[in-house]
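Q: Structure file entry26.cif (mmCIF, N, CA and C atoms) is given on the next line.
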```cif
data_data
loop_
_atom_site.group_PDB
_atom_site.id
_atom_site.type_symbol
_atom_site.label_atom_id
_atom_site.label_comp_id
_atom_site.auth_asym_id
_atom_site.auth_seq_id
_atom_site.Cartn_x
_atom_site.Cartn_y
_atom_site.Cartn_z
ATOM 1 N N MET A 144 -18.487 15.223 -1.602
ATOM 2 C CA MET A 144 -17.841 14.858 -0.358
ATOM 3 C C MET A 144 -16.786 13.781 -0.629
ATOM 4 N N ALA A 145 -15.584 14.012 -0.186
ATOM 5 C CA ALA A 145 -14.492 13.070 -0.403
ATOM 6 C C ALA A 145 -14.596 11.902 0.577
ATOM 7 N N ILE A 146 -14.310 10.713 0.068
ATOM 8 C CA ILE A 146 -14.303 9.508 0.885
ATOM 9 C C ILE A 146 -12.857 9.180 1.245
ATOM 10 N N LYS A 147 -12.599 8.952 2.512
ATOM 11 C CA LYS A 147 -11.251 8.608 2.969
ATOM 12 C C LYS A 147 -10.852 7.233 2.432
ATOM 13 N N CYS A 148 -9.587 7.109 2.009
ATOM 14 C CA CYS A 148 -9.054 5.844 1.507
ATOM 15 C C CYS A 148 -7.752 5.547 2.238
ATOM 16 N N GLU A 149 -7.652 4.340 2.781
ATOM 17 C CA GLU A 149 -6.438 3.958 3.498
ATOM 18 C C GLU A 149 -5.583 2.965 2.719
ATOM 19 N N CYS A 150 -5.957 2.670 1.497
ATOM 20 C CA CYS A 150 -5.189 1.733 0.681
ATOM 21 C C CYS A 150 -4.226 2.533 -0.203
ATOM 22 N N ASP A 151 -2.994 2.701 0.278
ATOM 23 C CA ASP A 151 -2.001 3.513 -0.434
ATOM 24 C C ASP A 151 -1.675 2.986 -1.826
ATOM 25 N N TYR A 152 -1.902 1.707 -2.074
ATOM 26 C CA TYR A 152 -1.529 1.096 -3.350
ATOM 27 C C TYR A 152 -2.689 1.007 -4.340
ATOM 28 N N CYS A 153 -3.809 1.609 -4.019
ATOM 29 C CA CYS A 153 -4.954 1.627 -4.937
ATOM 30 C C CYS A 153 -4.771 2.763 -5.946
ATOM 31 N N VAL A 154 -5.069 2.500 -7.212
ATOM 32 C CA VAL A 154 -4.914 3.531 -8.247
ATOM 33 C C VAL A 154 -5.875 4.699 -8.037
ATOM 34 N N TYR A 155 -6.941 4.499 -7.276
ATOM 35 C CA TYR A 155 -7.918 5.562 -7.026
ATOM 36 C C TYR A 155 -7.600 6.390 -5.787
ATOM 37 N N ASN A 156 -6.528 6.096 -5.082
ATOM 38 C CA ASN A 156 -6.163 6.830 -3.876
ATOM 39 C C ASN A 156 -5.308 8.037 -4.250
ATOM 40 N N ARG A 157 -5.809 9.216 -3.923
ATOM 41 C CA ARG A 157 -5.049 10.462 -4.103
ATOM 42 C C ARG A 157 -5.078 11.206 -2.781
ATOM 43 N N HIS A 158 -3.898 11.311 -2.157
ATOM 44 C CA HIS A 158 -3.771 12.031 -0.889
ATOM 45 C C HIS A 158 -4.760 11.506 0.151
ATOM 46 N N SER A 159 -4.877 10.167 0.229
ATOM 47 C CA SER A 159 -5.737 9.459 1.190
ATOM 48 C C SER A 159 -7.229 9.701 0.959
ATOM 49 N N GLU A 160 -7.590 10.079 -0.255
ATOM 50 C CA GLU A 160 -8.999 10.221 -0.624
ATOM 51 C C GLU A 160 -9.265 9.438 -1.897
ATOM 52 N N CYS A 161 -10.440 8.815 -1.972
ATOM 53 C CA CYS A 161 -10.816 8.035 -3.144
ATOM 54 C C CYS A 161 -11.313 8.962 -4.250
ATOM 55 N N ILE A 162 -10.774 8.766 -5.465
ATOM 56 C CA ILE A 162 -11.192 9.592 -6.594
ATOM 57 C C ILE A 162 -12.106 8.832 -7.558
ATOM 58 N N ALA A 163 -12.481 7.588 -7.196
ATOM 59 C CA ALA A 163 -13.391 6.819 -8.048
ATOM 60 C C ALA A 163 -14.744 7.530 -8.106
ATOM 61 N N GLU A 164 -15.375 7.492 -9.277
ATOM 62 C CA GLU A 164 -16.660 8.172 -9.430
ATOM 63 C C GLU A 164 -17.772 7.503 -8.634
ATOM 64 N N GLU A 165 -17.775 6.184 -8.599
ATOM 65 C CA GLU A 165 -18.763 5.447 -7.817
ATOM 66 C C GLU A 165 -18.029 4.455 -6.936
ATOM 67 N N ILE A 166 -18.466 4.346 -5.698
ATOM 68 C CA ILE A 166 -17.820 3.451 -4.762
ATOM 69 C C ILE A 166 -18.848 2.455 -4.238
ATOM 70 N N GLU A 167 -18.451 1.190 -4.267
ATOM 71 C CA GLU A 167 -19.293 0.131 -3.735
ATOM 72 C C GLU A 167 -18.482 -0.634 -2.703
ATOM 73 N N VAL A 168 -19.116 -1.023 -1.609
ATOM 74 C CA VAL A 168 -18.447 -1.798 -0.576
ATOM 75 C C VAL A 168 -18.918 -3.235 -0.710
ATOM 76 N N ASN A 169 -17.960 -4.186 -0.717
ATOM 77 C CA ASN A 169 -18.331 -5.595 -0.883
ATOM 78 C C ASN A 169 -18.774 -6.208 0.450
ATOM 79 N N SER A 170 -19.087 -7.485 0.433
ATOM 80 C CA SER A 170 -19.606 -8.157 1.626
ATOM 81 C C SER A 170 -18.594 -8.248 2.758
ATOM 82 N N LEU A 171 -17.316 -8.034 2.455
ATOM 83 C CA LEU A 171 -16.277 -8.040 3.479
ATOM 84 C C LEU A 171 -16.022 -6.643 4.046
ATOM 85 N N GLY A 172 -16.770 -5.663 3.557
ATOM 86 C CA GLY A 172 -16.590 -4.290 4.020
ATOM 87 C C GLY A 172 -15.451 -3.574 3.335
ATOM 88 N N MET A 173 -14.996 -4.140 2.214
ATOM 89 C CA MET A 173 -13.878 -3.548 1.477
ATOM 90 C C MET A 173 -14.390 -2.874 0.203
ATOM 91 N N CYS A 174 -13.641 -1.914 -0.277
ATOM 92 C CA CYS A 174 -13.998 -1.213 -1.499
ATOM 93 C C CYS A 174 -13.932 -2.181 -2.693
ATOM 94 N N ALA A 175 -15.022 -2.300 -3.409
ATOM 95 C CA ALA A 175 -15.085 -3.210 -4.555
ATOM 96 C C ALA A 175 -14.345 -2.639 -5.768
ATOM 97 N N GLU A 176 -14.081 -1.340 -5.782
ATOM 98 C CA GLU A 176 -13.401 -0.702 -6.913
ATOM 99 C C GLU A 176 -11.885 -0.741 -6.796
ATOM 100 N N CYS A 177 -11.360 -1.153 -5.675
ATOM 101 C CA CYS A 177 -9.921 -1.106 -5.417
ATOM 102 C C CYS A 177 -9.135 -1.880 -6.474
ATOM 103 N N ILE A 178 -8.189 -1.196 -7.099
ATOM 104 C CA ILE A 178 -7.257 -1.802 -8.049
ATOM 105 C C ILE A 178 -5.867 -1.435 -7.548
ATOM 106 N N THR A 179 -5.102 -2.439 -7.168
ATOM 107 C CA THR A 179 -3.773 -2.150 -6.627
ATOM 108 C C THR A 179 -2.735 -2.107 -7.740
ATOM 109 N N ILE A 180 -1.767 -1.239 -7.560
ATOM 110 C CA ILE A 180 -0.686 -1.101 -8.528
ATOM 111 C C ILE A 180 0.284 -2.267 -8.406
ATOM 112 N N SER A 181 1.026 -2.516 -9.437
ATOM 113 C CA SER A 181 2.031 -3.569 -9.445
ATOM 114 C C SER A 181 3.420 -2.956 -9.451
ATOM 115 N N PHE A 182 4.362 -3.670 -8.853
ATOM 116 C CA PHE A 182 5.752 -3.244 -8.851
ATOM 117 C C PHE A 182 6.586 -4.248 -9.634
ATOM 118 N N ASP A 183 7.640 -3.780 -10.248
ATOM 119 C CA ASP A 183 8.606 -4.639 -10.906
ATOM 120 C C ASP A 183 9.168 -5.598 -9.853
ATOM 121 N N LYS A 184 9.275 -6.888 -10.200
ATOM 122 C CA LYS A 184 9.726 -7.904 -9.242
ATOM 123 C C LYS A 184 11.109 -7.609 -8.676
ATOM 124 N N ASP A 185 12.024 -7.113 -9.494
ATOM 125 C CA ASP A 185 13.359 -6.780 -9.008
ATOM 126 C C ASP A 185 13.298 -5.657 -7.979
ATOM 127 N N PHE A 186 12.515 -4.624 -8.285
ATOM 128 C CA PHE A 186 12.355 -3.520 -7.342
ATOM 129 C C PHE A 186 11.759 -4.024 -6.037
ATOM 130 N N LEU A 187 10.738 -4.859 -6.129
ATOM 131 C CA LEU A 187 10.067 -5.379 -4.953
ATOM 132 C C LEU A 187 11.024 -6.171 -4.068
ATOM 133 N N GLU A 188 11.836 -7.036 -4.654
ATOM 134 C CA GLU A 188 12.801 -7.821 -3.880
ATOM 135 C C GLU A 188 13.860 -6.928 -3.233
ATOM 136 N N GLN A 189 14.350 -5.933 -3.974
ATOM 137 C CA GLN A 189 15.335 -5.007 -3.421
ATOM 138 C C GLN A 189 14.745 -4.229 -2.246
ATOM 139 N N GLU A 190 13.515 -3.796 -2.379
ATOM 140 C CA GLU A 190 12.862 -3.024 -1.320
ATOM 141 C C GLU A 190 12.607 -3.890 -0.087
ATOM 142 N N LYS A 191 12.230 -5.140 -0.291
ATOM 143 C CA LYS A 191 12.050 -6.054 0.847
ATOM 144 C C LYS A 191 13.358 -6.199 1.620
ATOM 145 N N GLU A 192 14.453 -6.408 0.889
ATOM 146 C CA GLU A 192 15.759 -6.558 1.535
ATOM 147 C C GLU A 192 16.155 -5.283 2.270
ATOM 148 N N ARG A 193 15.934 -4.137 1.654
ATOM 149 C CA ARG A 193 16.281 -2.850 2.274
ATOM 150 C C ARG A 193 15.503 -2.657 3.578
ATOM 151 N N GLN A 194 14.202 -2.919 3.530
ATOM 152 C CA GLN A 194 13.397 -2.722 4.730
ATOM 153 C C GLN A 194 13.727 -3.746 5.807
ATOM 154 N N LEU A 195 14.031 -4.963 5.415
ATOM 155 C CA LEU A 195 14.428 -5.978 6.384
ATOM 156 C C LEU A 195 15.706 -5.556 7.105
ATOM 157 N N ARG A 196 16.682 -5.020 6.370
ATOM 158 C CA ARG A 196 17.916 -4.520 6.979
ATOM 159 C C ARG A 196 17.607 -3.396 7.971
ATOM 160 N N GLU A 197 16.692 -2.496 7.591
ATOM 161 C CA GLU A 197 16.310 -1.406 8.490
ATOM 162 C C GLU A 197 15.701 -1.944 9.779
ATOM 163 N N PHE A 198 14.829 -2.940 9.663
ATOM 164 C CA PHE A 198 14.224 -3.540 10.854
ATOM 165 C C PHE A 198 15.278 -4.174 11.738
ATOM 166 N N GLU A 199 16.208 -4.902 11.123
ATOM 167 C CA GLU A 199 17.255 -5.569 11.889
ATOM 168 C C GLU A 199 18.140 -4.548 12.613
ATOM 169 N N ILE A 200 18.453 -3.443 11.946
ATOM 170 C CA ILE A 200 19.254 -2.394 12.560
ATOM 171 C C ILE A 200 18.460 -1.754 13.714
ATOM 172 N N GLN A 201 17.205 -1.446 13.448
ATOM 173 C CA GLN A 201 16.355 -0.792 14.454
ATOM 174 C C GLN A 201 16.204 -1.664 15.699
ATOM 175 N N TRP A 202 16.046 -2.941 15.512
ATOM 176 C CA TRP A 202 15.792 -3.833 16.640
ATOM 177 C C TRP A 202 17.080 -4.453 17.182
ATOM 178 N N GLY A 203 18.228 -4.048 16.659
ATOM 179 C CA GLY A 203 19.507 -4.471 17.208
ATOM 180 C C GLY A 203 19.946 -5.865 16.827
ATOM 181 N N ASP A 204 19.353 -6.460 15.795
ATOM 182 C CA ASP A 204 19.723 -7.809 15.379
ATOM 183 C C ASP A 204 21.054 -7.840 14.623
ATOM 184 N N ILE A 205 21.401 -6.709 13.975
ATOM 185 C CA ILE A 205 22.687 -6.623 13.278
ATOM 186 C C ILE A 205 23.296 -5.257 13.560
ATOM 187 N N GLU A 206 24.566 -5.131 13.327
ATOM 188 C CA GLU A 206 25.229 -3.854 13.501
ATOM 189 C C GLU A 206 25.321 -3.136 12.175
ATOM 190 N N GLU A 207 25.338 -1.811 12.224
ATOM 191 C CA GLU A 207 25.434 -1.016 10.994
ATOM 192 C C GLU A 207 26.774 -1.175 10.346
#
```
Output the structure of this file as structure tokens.

A:
Amino acid sequence: MAIKCECDYCVYNRHSECIAEEIEVNSLGMCAECITISFDKDFLEQEKERQLREFEIQWGDIEE
């Protein structure tokens, strides 16, 4: 039986399902096996700026 996973950045998430062989939930109710992927710092900063511009355009704070 597949377990649903909502952590898109976990290495065990495939198509919103956990592929880890054993799953344990910690005291906070979170998956104890979760390992999040890392992004290159330059990519991360560029993506933050891109998404911020999109938000500003969407909410009318700046013009295109």

Q: If we count only N, CA and C atoms and set the cut-off at 5 Å, which residues sit around Lys147 (chain A), ignoring sequence neighbours fewer than 6 positions away in its own chain? Please answer as a list in words.

A: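 Listing them by chain and then by number gives Ser159, Glu160 and Cys161 of chain A.
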
Q: Using CA of Ile146 (chain A) and CA of Ile180 (chain A) as the two end points, give the distance in Å to one decimal.

A: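 Distance reported for this atom pair: 19.7 Å.
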
Q: Work out how far apart CA of Ile178 (chain A) and CA of Leu195 (chain A) are and give it in Å to one decimal.

A: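 Answer for the CA of Ile178 (chain A) to CA of Leu195 (chain A) separation: 26.4 Å.
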
Q: Could the centre and edge lengths of an axis-aligned box, enclosing all atoms of region 181-196 of chain A in the file with 3 Å extra on each side, be given in Å to one decimal as JSON?

A:
```
{"center_x": 9.5, "center_y": -5.2, "center_z": -1.5, "size_x": 22.9, "size_y": 11.4, "size_z": 24.9}
```

Q: Using only N, CA and C atoms, can you tell me which of A:Glu199, A:Gln189, A:Glu176, A:Gln194 comes closest to Ala163 (chain A)?

A: A:Glu176

Q: As a list in words, please: all residues of chain A that backbone DSSP puts in helix (DSSP H, G or I).

A: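 Going through chain A, the helix (DSSP H, G or I) residues come out as Lys184, Asp185, Phe186, Leu187, Glu188, Gln189, Glu190, Lys191, Glu192, Arg193, Gln194, Leu195, Arg196, Glu197, Phe198, Glu199, Ile200 and Gln201 of chain A.
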
Q: Could you write out, as a VMD selection string, all the residues of chain A that DSSP marks as strand (DSSP E or B)?

A: chain A and resid 146 to 147 153 156 to 157 160 to 161 168 174 179

Q: Can you spit out the residues from that selection as a tab-separated table (two decimals), in the coordinates of the input, using N, CA and C atoms?

A:
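Produced file part.tsv, reproduced below:
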```
chain	number	residue	atom	x	y	z
A	146	ILE	N	-14.31	10.71	0.07
A	146	ILE	CA	-14.30	9.51	0.88
A	146	ILE	C	-12.86	9.18	1.25
A	147	LYS	N	-12.60	8.95	2.51
A	147	LYS	CA	-11.25	8.61	2.97
A	147	LYS	C	-10.85	7.23	2.43
A	153	CYS	N	-3.81	1.61	-4.02
A	153	CYS	CA	-4.95	1.63	-4.94
A	153	CYS	C	-4.77	2.76	-5.95
A	156	ASN	N	-6.53	6.10	-5.08
A	156	ASN	CA	-6.16	6.83	-3.88
A	156	ASN	C	-5.31	8.04	-4.25
A	157	ARG	N	-5.81	9.22	-3.92
A	157	ARG	CA	-5.05	10.46	-4.10
A	157	ARG	C	-5.08	11.21	-2.78
A	160	GLU	N	-7.59	10.08	-0.26
A	160	GLU	CA	-9.00	10.22	-0.62
A	160	GLU	C	-9.26	9.44	-1.90
A	161	CYS	N	-10.44	8.82	-1.97
A	161	CYS	CA	-10.82	8.04	-3.14
A	161	CYS	C	-11.31	8.96	-4.25
A	168	VAL	N	-19.12	-1.02	-1.61
A	168	VAL	CA	-18.45	-1.80	-0.58
A	168	VAL	C	-18.92	-3.24	-0.71
A	174	CYS	N	-13.64	-1.91	-0.28
A	174	CYS	CA	-14.00	-1.21	-1.50
A	174	CYS	C	-13.93	-2.18	-2.69
A	179	THR	N	-5.10	-2.44	-7.17
A	179	THR	CA	-3.77	-2.15	-6.63
A	179	THR	C	-2.74	-2.11	-7.74
```

Q: Rounded to one decimal place, report the atom N of Ser181 (chain A)-CA of Tyr152 (chain A) distance in Å.

A: 7.5 Å

Q: Step by step, work through what the PyMOL selection byres ((chain A and resi 153) around 7) selects in the shown file, and finish by giving those residues as JSON, numbers by chain.

A: {"A": [150, 151, 152, 154, 155, 156, 157, 177, 178, 179, 180]}

Q: Taking into account all atoms listed in the file, which residue in the set A:Phe182, A:Glu192, A:Ala145, A:Ile200 is nearest to Ile162 (chain A)?

A: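 Going through A:Phe182, A:Glu192, A:Ala145, A:Ile200 one by one, the smallest distance to Ile162 (chain A) is for A:Ala145.
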